[in-house]
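> The structure is given below, and queries will be raised subsequently.
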Amino acid sequence: MAIYKKFESALIHGGIYGDEFTGAVNTPIYQTSTFMQERLGGNPKYEYARSSNPTRAALEALIAELEGGVAGFAFASGMAATTAVLSLFESGDRIIISSNVYGGTFRVLDKVFSHFGVGYEIVDTTDLSLLKAALTKDVKAVLVESPANPLLTVTDLAAVAELTHANGSLFLVDNTFMTPYLQRPIKLGADIVIHSATKYLGGHSDLIAGLAVVNTAELAERLAFIQNATGGVQQPFDSFLLIRSMKTLGVRMDAHVVNAEKIADWLVAHPAVETVYYPGRKDAQGYGINQKQARNGGAMISFELQKGYDASAFFASLQLIALAESLGGVESLVCHPASMTHASIPKEIREKVGITDMLIRFSVGIEHVDDLIADLELAIGRAKA
Ligand SMILES: *Cc1c(COP(=O)(O)O)cnc(C)c1O
């Protein structure tokens, strides 16, 4: 067992370090669907790869350690992870979701889980009095993102944990935007942490993956059952890629954040920019709370151009920064939440929560910041109607 105290070392040595069968420094890709059994009823560690696979097991142990939970689970996508977690609930249960929750999370509740009698309610969890009023006995869970997609609103996770637990409900946090390097929700009282590992944990825009970490043995047993029963598991090769990527999570996040802080300041000072949403700026909603619960403001920025600018001309004029769904890769990406990530949310609800047609979401990459600013400057210039 390697000995270390710091998170950066856990990224390299955490979970199951080295291969128990060969001594390989890196857990190999166990590309196999099944495992030979010595005898009948022998209760082998591995028997069939939907249930368990050594490469996936190494990833699951790693994320559990990084988030400070009891057990980790790896899925084929973030939505598969969310779906497995939501499968813990039953007909008649209701789940509160924060206002700016990921569009796909809203969609699976609205269009899939509703068929099974699991209801949901959207609550602005940045206002604890609204949450308190909404916490009735049939609410079995509260699912929060902080900072939330795409307006980067900050929810007080420790305060929500307390209210949620007082109601006897589970507290679920989608930690995709922060990663355990910047924020560790279980320490703040979360029962389950969910990740789209497609984003920062994968970090290179080359895989789709989801992770979940639970904080009790009871939840671990229930989620393991659901993972095996429903089967949306992460494949060995993708598990390997994810372990590889997570070794550099700390250095990547540091570089992302340095760029994001500079770009947020630059956008605020730009005369064509109307609003900037970035939780790392002192004037942001929830800045103090974010400072308390996270290492810094992360690397996602949303902003609106002023009236008289044309958002589609802006997107069309970018030459370095790509217009694309997703976030968290080394390369910078922008998207238009109203027509892309949040298109499945009805327009009335979208406008009500502030996702206007002028809103641009920017996943700041780790290119040189001067090149990013030059590209933004050029595109903003060409977007003037
Ligand atoms: C992308 C994303 C998801 C969904 O993850 P997939 O890997 O695309 O299935 C869930 N939550 C957040 C916050 C996301 O950004």
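Following the order of the structure tokens, first chain is A, next is B, and so on, with residues numbered from 1 inside each chain and ligands from 1 in the order they appear.
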As JSON, numbers by chain, please: the residues near Val257 of chain A (cut-off 10 Å, only C-alpha atoms, same-chain neighbours under 5 positions excluded).
{"A": [252, 262, 263, 280, 296, 297, 298, 299, 300, 364, 365, 366]}
> Can you pull out the residues contacting Val330 of chain A? Cut-off 12 Å, using only C-alpha atoms, and skip same-chain residues under 3 positions away; I want them as an mmCIF file with C-alpha atoms, in the first residue's frame.

data_model
loop_
_atom_site.group_PDB
_atom_site.id
_atom_site.type_symbol
_atom_site.label_atom_id
_atom_site.label_comp_id
_atom_site.auth_asym_id
_atom_site.auth_seq_id
_atom_site.Cartn_x
_atom_site.Cartn_y
_atom_site.Cartn_z
ATOM 1 C CA LYS A 199 -16.309 16.156 -18.555
ATOM 2 C CA TYR A 200 -13.343 17.155 -16.331
ATOM 3 C CA LEU A 201 -12.582 13.691 -14.964
ATOM 4 C CA GLY A 202 -12.159 12.345 -18.505
ATOM 5 C CA GLY A 203 -10.807 15.739 -19.441
ATOM 6 C CA HIS A 204 -9.911 15.125 -23.094
ATOM 7 C CA SER A 205 -13.317 14.966 -24.805
ATOM 8 C CA ASP A 206 -12.655 11.402 -25.896
ATOM 9 C CA SER A 245 -6.987 10.943 -17.094
ATOM 10 C CA THR A 248 -3.632 14.663 -14.104
ATOM 11 C CA LEU A 249 -6.900 16.073 -12.759
ATOM 12 C CA VAL A 251 -2.733 19.987 -12.754
ATOM 13 C CA ARG A 252 -5.417 20.263 -15.420
ATOM 14 C CA MET A 253 -7.918 21.903 -13.075
ATOM 15 C CA ASP A 254 -5.299 24.388 -11.861
ATOM 16 C CA ALA A 255 -4.570 25.407 -15.449
ATOM 17 C CA HIS A 256 -8.287 25.606 -16.339
ATOM 18 C CA VAL A 257 -9.001 27.833 -13.335
ATOM 19 C CA ASN A 259 -7.394 30.794 -17.470
ATOM 20 C CA ALA A 299 -13.540 26.950 -14.996
ATOM 21 C CA ILE A 321 -12.822 27.943 -29.546
ATOM 22 C CA ALA A 322 -15.208 25.290 -30.866
ATOM 23 C CA SER A 326 -19.973 19.155 -23.492
ATOM 24 C CA LEU A 327 -17.353 20.760 -21.295
ATOM 25 C CA LEU A 333 -15.696 24.863 -25.993
ATOM 26 C CA SER A 363 -15.864 25.813 -20.912
ATOM 27 C CA VAL A 364 -12.436 27.384 -20.561
ATOM 28 C CA GLY A 365 -9.690 25.076 -21.790
ATOM 29 C CA ILE A 366 -5.976 25.038 -21.074
ATOM 30 C CA GLU A 367 -4.746 26.685 -24.274
ATOM 31 C CA HIS A 368 -2.692 29.851 -23.717
#
> Name all residues at most 12 Å from Thr216 of chain A (count only C-alpha atoms; drop same-chain ones fewer than 6 positions away) and give them as a PDB file with N, CA, C and O atoms, in the first residue's frame.

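Once written, part_33.pdb looks like this:
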ATOM      1  N   ALA A  64     -14.270   6.488  -5.275  1.00  0.00           N
ATOM      2  CA  ALA A  64     -14.780   6.427  -3.896  1.00  0.00           C
ATOM      3  C   ALA A  64     -13.789   7.096  -2.947  1.00  0.00           C
ATOM      4  O   ALA A  64     -14.168   7.880  -2.075  1.00  0.00           O
ATOM      5  N   GLY A  68     -14.252  10.591  -0.953  1.00  0.00           N
ATOM      6  CA  GLY A  68     -14.381  10.328   0.477  1.00  0.00           C
ATOM      7  C   GLY A  68     -15.635   9.544   0.835  1.00  0.00           C
ATOM      8  O   GLY A  68     -16.221   9.743   1.892  1.00  0.00           O
ATOM      9  N   GLY A  69     -16.059   8.628  -0.063  1.00  0.00           N
ATOM     10  CA  GLY A  69     -17.267   7.843   0.184  1.00  0.00           C
ATOM     11  C   GLY A  69     -16.951   6.389   0.501  1.00  0.00           C
ATOM     12  O   GLY A  69     -15.777   5.993   0.601  1.00  0.00           O
ATOM     13  N   VAL A  70     -18.006   5.587   0.638  1.00  0.00           N
ATOM     14  CA  VAL A  70     -17.862   4.178   1.013  1.00  0.00           C
ATOM     15  C   VAL A  70     -17.627   3.298  -0.219  1.00  0.00           C
ATOM     16  O   VAL A  70     -16.874   2.337  -0.175  1.00  0.00           O
ATOM     17  N   ALA A  71     -18.308   3.628  -1.329  1.00  0.00           N
ATOM     18  CA  ALA A  71     -18.161   2.814  -2.538  1.00  0.00           C
ATOM     19  C   ALA A  71     -18.433   3.651  -3.773  1.00  0.00           C
ATOM     20  O   ALA A  71     -19.240   4.579  -3.743  1.00  0.00           O
ATOM     21  N   GLY A  72     -17.741   3.284  -4.864  1.00  0.00           N
ATOM     22  CA  GLY A  72     -17.930   3.976  -6.135  1.00  0.00           C
ATOM     23  C   GLY A  72     -18.508   3.033  -7.180  1.00  0.00           C
ATOM     24  O   GLY A  72     -18.339   1.811  -7.081  1.00  0.00           O
ATOM     25  N   LEU A 170     -32.711  11.894   1.185  1.00  0.00           N
ATOM     26  CA  LEU A 170     -31.317  11.756   0.766  1.00  0.00           C
ATOM     27  C   LEU A 170     -30.873  13.015   0.026  1.00  0.00           C
ATOM     28  O   LEU A 170     -31.641  13.619  -0.720  1.00  0.00           O
ATOM     29  N   ILE A 186     -19.466  14.994  -0.142  1.00  0.00           N
ATOM     30  CA  ILE A 186     -19.751  14.053   0.957  1.00  0.00           C
ATOM     31  C   ILE A 186     -19.288  14.641   2.291  1.00  0.00           C
ATOM     32  O   ILE A 186     -19.973  14.525   3.303  1.00  0.00           O
ATOM     33  N   GLY A 189     -21.916  16.724   3.622  1.00  0.00           N
ATOM     34  CA  GLY A 189     -23.160  16.083   4.044  1.00  0.00           C
ATOM     35  C   GLY A 189     -23.928  15.347   2.957  1.00  0.00           C
ATOM     36  O   GLY A 189     -25.001  14.815   3.223  1.00  0.00           O
ATOM     37  N   ALA A 190     -23.392  15.313   1.737  1.00  0.00           N
ATOM     38  CA  ALA A 190     -24.107  14.595   0.669  1.00  0.00           C
ATOM     39  C   ALA A 190     -24.099  13.090   0.929  1.00  0.00           C
ATOM     40  O   ALA A 190     -23.136  12.551   1.482  1.00  0.00           O
ATOM     41  N   ASP A 191     -25.190  12.422   0.522  1.00  0.00           N
ATOM     42  CA  ASP A 191     -25.266  10.964   0.643  1.00  0.00           C
ATOM     43  C   ASP A 191     -24.754  10.281  -0.613  1.00  0.00           C
ATOM     44  O   ASP A 191     -24.207   9.186  -0.556  1.00  0.00           O
ATOM     45  N   ILE A 192     -24.984  10.923  -1.758  1.00  0.00           N
ATOM     46  CA  ILE A 192     -24.538  10.354  -3.037  1.00  0.00           C
ATOM     47  C   ILE A 192     -23.980  11.484  -3.907  1.00  0.00           C
ATOM     48  O   ILE A 192     -24.584  12.556  -3.997  1.00  0.00           O
ATOM     49  N   VAL A 193     -22.844  11.225  -4.516  1.00  0.00           N
ATOM     50  CA  VAL A 193     -22.261  12.168  -5.476  1.00  0.00           C
ATOM     51  C   VAL A 193     -22.318  11.521  -6.855  1.00  0.00           C
ATOM     52  O   VAL A 193     -21.993  10.337  -7.005  1.00  0.00           O
ATOM     53  N   ARG A 222     -27.461  -1.313  -2.243  1.00  0.00           N
ATOM     54  CA  ARG A 222     -28.619  -1.079  -3.115  1.00  0.00           C
ATOM     55  C   ARG A 222     -28.177  -0.629  -4.510  1.00  0.00           C
ATOM     56  O   ARG A 222     -28.735  -1.065  -5.519  1.00  0.00           O
ATOM     57  N   LEU A 223     -27.176   0.250  -4.569  1.00  0.00           N
ATOM     58  CA  LEU A 223     -26.748   0.743  -5.883  1.00  0.00           C
ATOM     59  C   LEU A 223     -25.996  -0.346  -6.664  1.00  0.00           C
ATOM     60  O   LEU A 223     -26.131  -0.441  -7.890  1.00  0.00           O
TER      61      LEU A 223
END
> Around ligand 1, out to 6 Å and counting only C-alpha atoms and all ligand atoms, which residues are there? I want them as a PyMOL selection string.
chain A and resi 77-79+102+176+196+198+208-210
> Based on the backbone DSSP call, show me all residues of segment 271-385 of chain A assigned strand (DSSP E or B), as a list of chain:residue names.
A:Val273, A:Glu274, A:Thr275, A:Val276, A:Tyr277, A:Ala294, A:Met300, A:Ile301, A:Ser302, A:Phe303, A:Glu304, A:Leu305, A:Tyr309, A:Ala322, A:Leu323, A:Leu333, A:Val334, A:Cys335, A:Leu359, A:Ile360, A:Arg361, A:Phe362, A:Ser363, A:Lys384
> Please return, as a ChimeraX atom specification, all residues of segment 47-213 of chain A that DSSP assigns to helix (DSSP H, G or I) on the basis of the backbone.
/A:54-67,78-86,103-111,113-116,128-134,157-166,179-182,185-188
> Hey, can you check how far atom CA of Arg39 of chain A sits from atom CA of Phe225 of chain A?
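Separating atom CA of Arg39 of chain A from atom CA of Phe225 of chain A is a distance of 24.4 Å.
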